[in-house]
>>> print(open('my_file_17.cif').read())   # mmCIF, C-alpha atoms and all ligand atoms
data_query
#
loop_
_atom_site.group_PDB
_atom_site.id
_atom_site.type_symbol
_atom_site.label_atom_id
_atom_site.label_comp_id
_atom_site.auth_asym_id
_atom_site.auth_seq_id
_atom_site.Cartn_x
_atom_site.Cartn_y
_atom_site.Cartn_z
ATOM 1 C CA MET A 48 -107.931 13.572 -57.962
ATOM 2 C CA LEU A 49 -108.119 16.076 -60.792
ATOM 3 C CA LEU A 50 -109.957 19.343 -60.208
ATOM 4 C CA LEU A 51 -111.691 20.378 -63.395
ATOM 5 C CA HIS A 52 -112.686 23.994 -63.784
ATOM 6 C CA ILE A 53 -116.065 23.942 -65.551
ATOM 7 C CA CYS A 54 -117.218 26.957 -67.512
ATOM 8 C CA CYS A 55 -120.655 25.526 -68.387
ATOM 9 C CA GLY A 56 -122.653 22.314 -68.718
ATOM 10 C CA PRO A 57 -122.353 21.714 -72.480
ATOM 11 C CA CYS A 58 -118.565 22.240 -72.466
ATOM 12 C CA ALA A 59 -118.187 19.796 -69.583
ATOM 13 C CA LEU A 60 -119.715 16.776 -71.329
ATOM 14 C CA TYR A 61 -116.826 15.759 -73.570
ATOM 15 C CA PRO A 62 -113.951 16.410 -71.113
ATOM 16 C CA LEU A 63 -115.791 14.511 -68.359
ATOM 17 C CA GLU A 64 -116.303 11.555 -70.663
ATOM 18 C CA GLN A 65 -112.642 11.570 -71.707
ATOM 19 C CA LEU A 66 -111.399 11.754 -68.125
ATOM 20 C CA LYS A 67 -113.798 9.002 -67.073
ATOM 21 C CA GLN A 68 -112.549 6.751 -69.881
ATOM 22 C CA ARG A 69 -109.026 7.176 -68.572
ATOM 23 C CA GLY A 70 -110.148 6.343 -65.065
ATOM 24 C CA TYR A 71 -109.246 9.696 -63.509
ATOM 25 C CA PRO A 72 -111.160 10.616 -60.357
ATOM 26 C CA VAL A 73 -112.580 14.063 -61.070
ATOM 27 C CA LYS A 74 -114.238 16.855 -59.121
ATOM 28 C CA GLY A 75 -115.659 19.887 -60.888
ATOM 29 C CA LEU A 76 -115.376 23.513 -59.861
ATOM 30 C CA PHE A 77 -117.920 26.047 -61.060
ATOM 31 C CA TYR A 78 -116.217 29.400 -60.671
ATOM 32 C CA ASN A 79 -117.169 31.911 -63.341
ATOM 33 C CA PRO A 80 -117.478 35.547 -62.230
ATOM 34 C CA ASN A 81 -117.360 36.393 -65.930
ATOM 35 C CA ILE A 82 -120.931 35.274 -66.655
ATOM 36 C CA HIS A 83 -123.464 38.087 -66.940
ATOM 37 C CA PRO A 84 -126.196 39.152 -66.617
ATOM 38 C CA TYR A 85 -127.621 37.463 -63.536
ATOM 39 C CA LEU A 86 -130.304 35.393 -65.266
ATOM 40 C CA GLU A 87 -127.710 34.026 -67.669
ATOM 41 C CA PHE A 88 -125.515 33.113 -64.700
ATOM 42 C CA LYS A 89 -128.443 31.237 -63.134
ATOM 43 C CA ALA A 90 -129.276 29.476 -66.414
ATOM 44 C CA ARG A 91 -125.710 28.168 -66.741
ATOM 45 C CA ILE A 92 -125.729 26.929 -63.156
ATOM 46 C CA GLN A 93 -128.940 25.053 -63.869
ATOM 47 C CA ALA A 94 -127.483 23.528 -67.024
ATOM 48 C CA LEU A 95 -124.448 22.272 -65.135
ATOM 49 C CA GLU A 96 -126.653 20.884 -62.362
ATOM 50 C CA THR A 97 -128.374 18.753 -65.001
ATOM 51 C CA VAL A 98 -125.068 17.608 -66.477
ATOM 52 C CA SER A 99 -123.490 16.837 -63.103
ATOM 53 C CA LYS A 100 -126.448 14.685 -62.055
ATOM 54 C CA ARG A 101 -126.321 12.791 -65.310
ATOM 55 C CA GLU A 102 -122.560 12.321 -65.264
ATOM 56 C CA LYS A 103 -122.521 11.669 -61.502
ATOM 57 C CA VAL A 104 -119.745 14.125 -60.884
ATOM 58 C CA GLU A 105 -119.360 16.148 -57.698
ATOM 59 C CA ILE A 106 -119.246 19.896 -58.269
ATOM 60 C CA LEU A 107 -117.884 22.547 -55.947
ATOM 61 C CA TRP A 108 -120.011 25.597 -56.547
ATOM 62 C CA VAL A 109 -119.202 29.260 -56.288
ATOM 63 C CA LYS A 110 -122.655 30.677 -56.842
ATOM 64 C CA ASP A 111 -121.929 34.283 -55.884
ATOM 65 C CA TYR A 112 -122.608 36.538 -58.829
ATOM 66 C CA GLY A 113 -119.218 38.110 -59.558
ATOM 67 C CA LEU A 114 -120.005 41.088 -61.795
ATOM 68 C CA GLU A 115 -118.101 43.700 -59.747
ATOM 69 C CA PHE A 116 -115.122 41.440 -59.230
ATOM 70 C CA PHE A 117 -114.913 40.648 -62.933
ATOM 71 C CA LEU A 118 -115.065 44.334 -63.872
ATOM 72 C CA GLU A 119 -112.315 45.161 -61.379
ATOM 73 C CA GLU A 120 -110.138 42.352 -62.705
ATOM 74 C CA THR A 121 -110.526 43.430 -66.320
ATOM 75 C CA LEU A 122 -110.473 47.176 -65.679
ATOM 76 C CA PHE A 123 -109.409 49.095 -68.786
ATOM 77 C CA GLN A 124 -108.485 45.865 -70.537
ATOM 78 C CA TRP A 125 -111.757 45.507 -72.302
ATOM 79 C CA GLU A 126 -110.497 44.468 -75.696
ATOM 80 C CA LYS A 127 -109.806 40.879 -76.702
ATOM 81 C CA PRO A 128 -107.521 39.033 -76.166
ATOM 82 C CA LYS A 129 -106.250 40.996 -73.132
ATOM 83 C CA ARG A 130 -109.650 40.854 -71.462
ATOM 84 C CA CYS A 131 -109.865 37.098 -72.026
ATOM 85 C CA GLU A 132 -106.333 36.581 -70.749
ATOM 86 C CA ARG A 133 -107.307 38.183 -67.441
ATOM 87 C CA CYS A 134 -110.542 36.233 -67.394
ATOM 88 C CA TYR A 135 -108.757 32.894 -67.914
ATOM 89 C CA TYR A 136 -106.118 33.754 -65.355
ATOM 90 C CA MET A 137 -108.683 34.716 -62.721
ATOM 91 C CA ARG A 138 -110.569 31.448 -63.134
ATOM 92 C CA LEU A 139 -107.576 29.152 -63.404
ATOM 93 C CA LYS A 140 -105.795 30.729 -60.445
ATOM 94 C CA LYS A 141 -108.842 30.119 -58.280
ATOM 95 C CA THR A 142 -108.936 26.525 -59.567
ATOM 96 C CA VAL A 143 -105.324 26.033 -58.518
ATOM 97 C CA GLU A 144 -105.994 27.508 -55.068
ATOM 98 C CA VAL A 145 -108.916 25.140 -54.514
ATOM 99 C CA ALA A 146 -106.956 22.208 -55.964
ATOM 100 C CA LEU A 147 -104.130 22.860 -53.503
ATOM 101 C CA GLU A 148 -106.553 23.079 -50.592
ATOM 102 C CA LEU A 149 -108.057 19.741 -51.630
ATOM 103 C CA ARG A 150 -104.603 18.217 -52.212
ATOM 104 C CA ALA A 151 -105.580 17.381 -55.795
ATOM 105 C CA GLU A 152 -102.846 16.001 -58.038
ATOM 106 C CA ALA A 153 -103.821 18.025 -61.079
ATOM 107 C CA PHE A 154 -106.122 20.685 -62.469
ATOM 108 C CA SER A 155 -107.616 21.424 -65.863
ATOM 109 C CA THR A 156 -110.408 23.384 -67.509
ATOM 110 C CA THR A 157 -113.286 22.745 -69.883
ATOM 111 C CA LEU A 158 -112.294 25.971 -71.653
ATOM 112 C CA LEU A 159 -109.929 23.701 -73.607
ATOM 113 C CA GLN A 160 -112.964 22.234 -75.340
ATOM 114 C CA SER A 161 -114.183 25.380 -77.062
ATOM 115 C CA PRO A 162 -112.983 26.354 -80.543
ATOM 116 C CA PHE A 163 -114.155 29.910 -79.741
ATOM 117 C CA GLN A 164 -111.589 30.524 -77.004
ATOM 118 C CA PHE A 165 -107.951 31.573 -77.284
ATOM 119 C CA HIS A 166 -106.751 28.040 -76.841
ATOM 120 C CA GLU A 167 -103.004 28.718 -76.798
ATOM 121 C CA LEU A 168 -103.482 31.437 -74.206
ATOM 122 C CA ILE A 169 -105.350 29.057 -71.901
ATOM 123 C CA LYS A 170 -102.565 26.504 -72.334
ATOM 124 C CA GLU A 171 -99.877 29.089 -71.563
ATOM 125 C CA ILE A 172 -101.679 30.255 -68.418
ATOM 126 C CA GLY A 173 -102.201 26.664 -67.255
ATOM 127 C CA GLU A 174 -98.505 25.923 -67.731
ATOM 128 C CA GLU A 175 -97.481 29.126 -65.981
ATOM 129 C CA LEU A 176 -99.632 28.237 -62.966
ATOM 130 C CA GLU A 177 -98.274 24.691 -63.027
ATOM 131 C CA ASP A 178 -94.718 26.050 -62.750
ATOM 132 C CA ARG A 179 -95.547 28.587 -60.107
ATOM 133 C CA TYR A 180 -97.668 26.399 -57.826
ATOM 134 C CA LYS A 181 -96.075 23.017 -58.552
ATOM 135 C CA ILE A 182 -99.282 21.258 -59.447
ATOM 136 C CA THR A 183 -99.827 19.401 -62.715
ATOM 137 C CA PHE A 184 -101.827 21.139 -65.417
ATOM 138 C CA PHE A 185 -103.638 18.418 -67.346
ATOM 139 C CA TYR A 186 -103.638 19.583 -70.938
ATOM 140 C CA GLU A 187 -105.489 18.026 -73.804
ATOM 141 C CA ASP A 188 -106.850 19.590 -76.952
ATOM 142 C CA TRP A 189 -110.491 18.769 -76.313
ATOM 143 C CA ARG A 190 -111.621 20.914 -79.236
ATOM 144 C CA ARG A 191 -111.831 17.727 -81.285
ATOM 145 C CA GLY A 192 -114.849 16.776 -79.146
ATOM 146 C CA TYR A 193 -116.676 20.069 -79.544
ATOM 147 C CA LYS A 194 -119.265 18.759 -82.020
ATOM 148 C CA GLU A 195 -119.803 15.593 -80.040
ATOM 149 C CA GLY A 196 -120.348 17.566 -76.839
ATOM 150 C CA LYS A 197 -122.734 19.930 -78.567
ATOM 151 C CA ALA A 198 -124.794 17.050 -79.985
ATOM 152 C CA LYS A 199 -124.973 15.409 -76.575
ATOM 153 C CA ALA A 200 -126.082 18.653 -74.934
ATOM 154 C CA MET A 201 -128.860 19.002 -77.521
ATOM 155 C CA GLU A 202 -129.936 15.427 -76.941
ATOM 156 C CA LEU A 203 -130.152 16.061 -73.187
ATOM 157 C CA GLY A 204 -132.002 19.322 -73.693
ATOM 158 C CA VAL A 205 -129.318 21.198 -71.731
ATOM 159 C CA TYR A 206 -129.343 24.981 -72.090
ATOM 160 C CA ARG A 207 -126.673 26.154 -74.561
ATOM 161 C CA GLN A 208 -125.528 29.721 -74.246
ATOM 162 C CA LYS A 209 -125.365 32.115 -77.179
ATOM 163 C CA TYR A 210 -122.256 34.002 -76.120
ATOM 164 C CA CYS A 211 -119.098 33.432 -74.140
ATOM 165 C CA GLY A 212 -120.128 34.995 -70.838
ATOM 166 C CA CYS A 213 -119.217 38.604 -70.059
ATOM 167 C CA LEU A 214 -121.277 41.639 -70.982
ATOM 168 C CA PHE A 215 -118.690 42.508 -73.605
ATOM 169 C CA SER A 216 -119.129 39.183 -75.338
ATOM 170 C CA GLU A 217 -122.883 39.607 -75.157
ATOM 171 C CA LYS A 218 -122.485 42.917 -76.985
ATOM 172 C CA GLU A 219 -120.113 41.384 -79.526
ATOM 173 C CA ARG A 220 -122.661 38.714 -80.282
ATOM 174 C CA TYR A 221 -124.915 41.326 -81.840
ATOM 175 C CA LEU A 222 -122.177 43.390 -83.416
ATOM 176 C CA PRO A 223 -120.112 41.177 -85.692
ATOM 177 C CA HIS A 224 -118.710 44.259 -87.460
ATOM 178 C CA ARG A 225 -118.885 46.406 -84.379
ATOM 179 C CA LYS A 226 -116.317 49.020 -85.451
ATOM 180 C CA GLU A 227 -118.559 49.962 -88.335
ATOM 181 C CA LYS A 228 -121.810 49.615 -86.424
ATOM 182 C CA ILE A 229 -121.239 51.124 -82.981
ATOM 183 C CA TYR A 230 -120.586 54.738 -83.824
HETATM 184 S S1 LIG B 1 -115.212 36.830 -73.993
HETATM 185 FE FE1 LIG B 1 -115.315 35.059 -72.619
HETATM 186 S S2 LIG B 1 -113.195 34.573 -72.082
HETATM 187 FE FE2 LIG B 1 -113.246 36.652 -72.928
HETATM 188 S S3 LIG B 1 -113.485 37.964 -71.142
HETATM 189 FE FE3 LIG B 1 -115.530 37.576 -71.901
HETATM 190 S S4 LIG B 1 -116.236 35.800 -70.742
HETATM 191 FE FE4 LIG B 1 -114.026 35.908 -70.474
#
>>> encode(input="my_file_17.cif", output="structure tokens")
Amino acid sequence: MLLLHICCGPCALYPLEQLKQRGYPVKGLFYNPNIHPYLEFKARIQALETVSKREKVEILWVKDYGLEFFLEETLFQWEKPKRCERCYYMRLKKTVEVALELRAEAFSTTLLQSPFQFHELIKEIGEELEDRYKITFFYEDWRRGYKEGKAKAMELGVYRQKYCGCLFSEKERYLPHRKEKIY
């Protein structure tokens, strides 16, 4: 079994389809303390519930709202990419811990599907965890399926978020030239 960390419903569609085509048994893990504020967190859970029913994939849910934990984990590292590095590490480490508990053969993440993430950083962290915990990191550059996944999400009417997840990214959404605009 492969344990797939899932960041959100729309990003899960293409990786799930690819893994299904290859015949891999998959379980999903929703663990995202980085998603804020609370109503956004709930909206993304709902979107993944829709996707998981449609794709008939079992999801392990961590539905506790992790604002404080996320802020502690990223303390004073609020600039990109350092903040994102910590955010990826936090989520992938938890995925590995759950994968080991479940005796899964491999782990991966739907973060590999987004062209807006630091793809190489995610790959490096996955490989580092693979070495340290002796569990296979399934890597594939799923960014090629980004448009396909997006179109499918639209077709299904699944909620598509407007920013990555944390409060910082929500701010950055409105401030494309933030250095000039903030002060
Ligand atoms: S921008 Fe996204 S990846 Fe980076 S810290 Fe925020 S939620 Fe995490």
>>> closest_atom_pairs(input="my_file_17.cif", of="chain A", to="ligand LIG 1 (chain B)", cutoff="6 Å", atoms="only C-alpha atoms and all ligand atoms", output="JSON lines")
{"residue": "A:Asn81", "atom": "CA", "partner": "B:LIG1", "partner_atom": "S4", "distance": 5.0}
{"residue": "A:Arg130", "atom": "CA", "partner": "B:LIG1", "partner_atom": "S3", "distance": 4.8}
{"residue": "A:Cys131", "atom": "CA", "partner": "B:LIG1", "partner_atom": "FE2", "distance": 3.5}
{"residue": "A:Cys134", "atom": "CA", "partner": "B:LIG1", "partner_atom": "FE4", "distance": 4.7}
{"residue": "A:Cys211", "atom": "CA", "partner": "B:LIG1", "partner_atom": "FE1", "distance": 4.4}
{"residue": "A:Gly212", "atom": "CA", "partner": "B:LIG1", "partner_atom": "S4", "distance": 4.0}
{"residue": "A:Cys213", "atom": "CA", "partner": "B:LIG1", "partner_atom": "S4", "distance": 4.1}
{"residue": "A:Ser216", "atom": "CA", "partner": "B:LIG1", "partner_atom": "S1", "distance": 4.8}
>>> resolve_selection(input="my_file_17.cif", expression="the PyMOL selection byres (((chain A and resi 98) around 9) and not hetatm)", output="ChimeraX atom specification")
/A:56-57,59-60,93-97,99-104,200,203,205
>>> write_last_selection(input="my_file_17.cif", atoms="C-alpha atoms", output="PDB file, keeping the file's coordinate frame")
ATOM      1  CA  GLY A  56    -122.653  22.314 -68.718  1.00  0.00           C
ATOM      2  CA  PRO A  57    -122.353  21.714 -72.480  1.00  0.00           C
ATOM      3  CA  ALA A  59    -118.187  19.796 -69.583  1.00  0.00           C
ATOM      4  CA  LEU A  60    -119.715  16.776 -71.329  1.00  0.00           C
ATOM      5  CA  GLN A  93    -128.940  25.053 -63.869  1.00  0.00           C
ATOM      6  CA  ALA A  94    -127.483  23.528 -67.024  1.00  0.00           C
ATOM      7  CA  LEU A  95    -124.448  22.272 -65.135  1.00  0.00           C
ATOM      8  CA  GLU A  96    -126.653  20.884 -62.362  1.00  0.00           C
ATOM      9  CA  THR A  97    -128.374  18.753 -65.001  1.00  0.00           C
ATOM     10  CA  SER A  99    -123.490  16.837 -63.103  1.00  0.00           C
ATOM     11  CA  LYS A 100    -126.448  14.685 -62.055  1.00  0.00           C
ATOM     12  CA  ARG A 101    -126.321  12.791 -65.310  1.00  0.00           C
ATOM     13  CA  GLU A 102    -122.560  12.321 -65.264  1.00  0.00           C
ATOM     14  CA  LYS A 103    -122.521  11.669 -61.502  1.00  0.00           C
ATOM     15  CA  VAL A 104    -119.745  14.125 -60.884  1.00  0.00           C
ATOM     16  CA  ALA A 200    -126.082  18.653 -74.934  1.00  0.00           C
ATOM     17  CA  LEU A 203    -130.152  16.061 -73.187  1.00  0.00           C
ATOM     18  CA  VAL A 205    -129.318  21.198 -71.731  1.00  0.00           C
TER      19      VAL A 205
END
>>> atom_distance(input="my_file_17.cif", atom1="atom CA of Lys181 of chain A", atom2="atom CA of Val73 of chain A")
18.9 Å
>>> residues_near_point(input="my_file_17.cif", point="(-103.7, 33.4, -72.5)", cutoff="12 Å", atoms="all atoms listed in the file", output="PyMOL selection string")
chain A and resi 127-139+158-159+164-176
>>> resolve_selection(input="my_file_17.cif", expression="the PyMOL selection byres (((chain A and resi 183) around 10) and not hetatm)", output="compact mmCIF listing (two decimals) with C-alpha atoms, in the frame of the given file")
# COMPACT_ATOMS: atom_id res chain seq x y z
CA LEU A 49 -108.12 16.08 -60.79
CA VAL A 143 -105.32 26.03 -58.52
CA ALA A 151 -105.58 17.38 -55.80
CA GLU A 152 -102.85 16.00 -58.04
CA ALA A 153 -103.82 18.02 -61.08
CA PHE A 154 -106.12 20.68 -62.47
CA SER A 155 -107.62 21.42 -65.86
CA GLY A 173 -102.20 26.66 -67.26
CA GLU A 174 -98.50 25.92 -67.73
CA LEU A 176 -99.63 28.24 -62.97
CA GLU A 177 -98.27 24.69 -63.03
CA ASP A 178 -94.72 26.05 -62.75
CA TYR A 180 -97.67 26.40 -57.83
CA LYS A 181 -96.08 23.02 -58.55
CA ILE A 182 -99.28 21.26 -59.45
CA PHE A 184 -101.83 21.14 -65.42
CA PHE A 185 -103.64 18.42 -67.35
CA TYR A 186 -103.64 19.58 -70.94
>>> residues_around(input="my_file_17.cif", residues="Thr157 of chain A", least_positions_apart="5", cutoff="10 Å", atoms="only C-alpha atoms", output="PyMOL selection string")
chain A and resi 51-63+75+187+189-190
>>> resolve_selection(input="my_file_17.cif", expression="the PyMOL selection byres (((chain A and resi 84) around 12) and not hetatm)", output="NGL selection string")
:A and (80-83 or 85-91 or 112-115 or 117 or 210-218)
>>> atom_distance(input="my_file_17.cif", atom1="atom CA of Glu219 of chain A", atom2="atom CA of Thr156 of chain A")
23.7 Å
>>> atom_distance(input="my_file_17.cif", atom1="atom CA of Lys140 of chain A", atom2="atom CA of Tyr71 of chain A")
21.5 Å
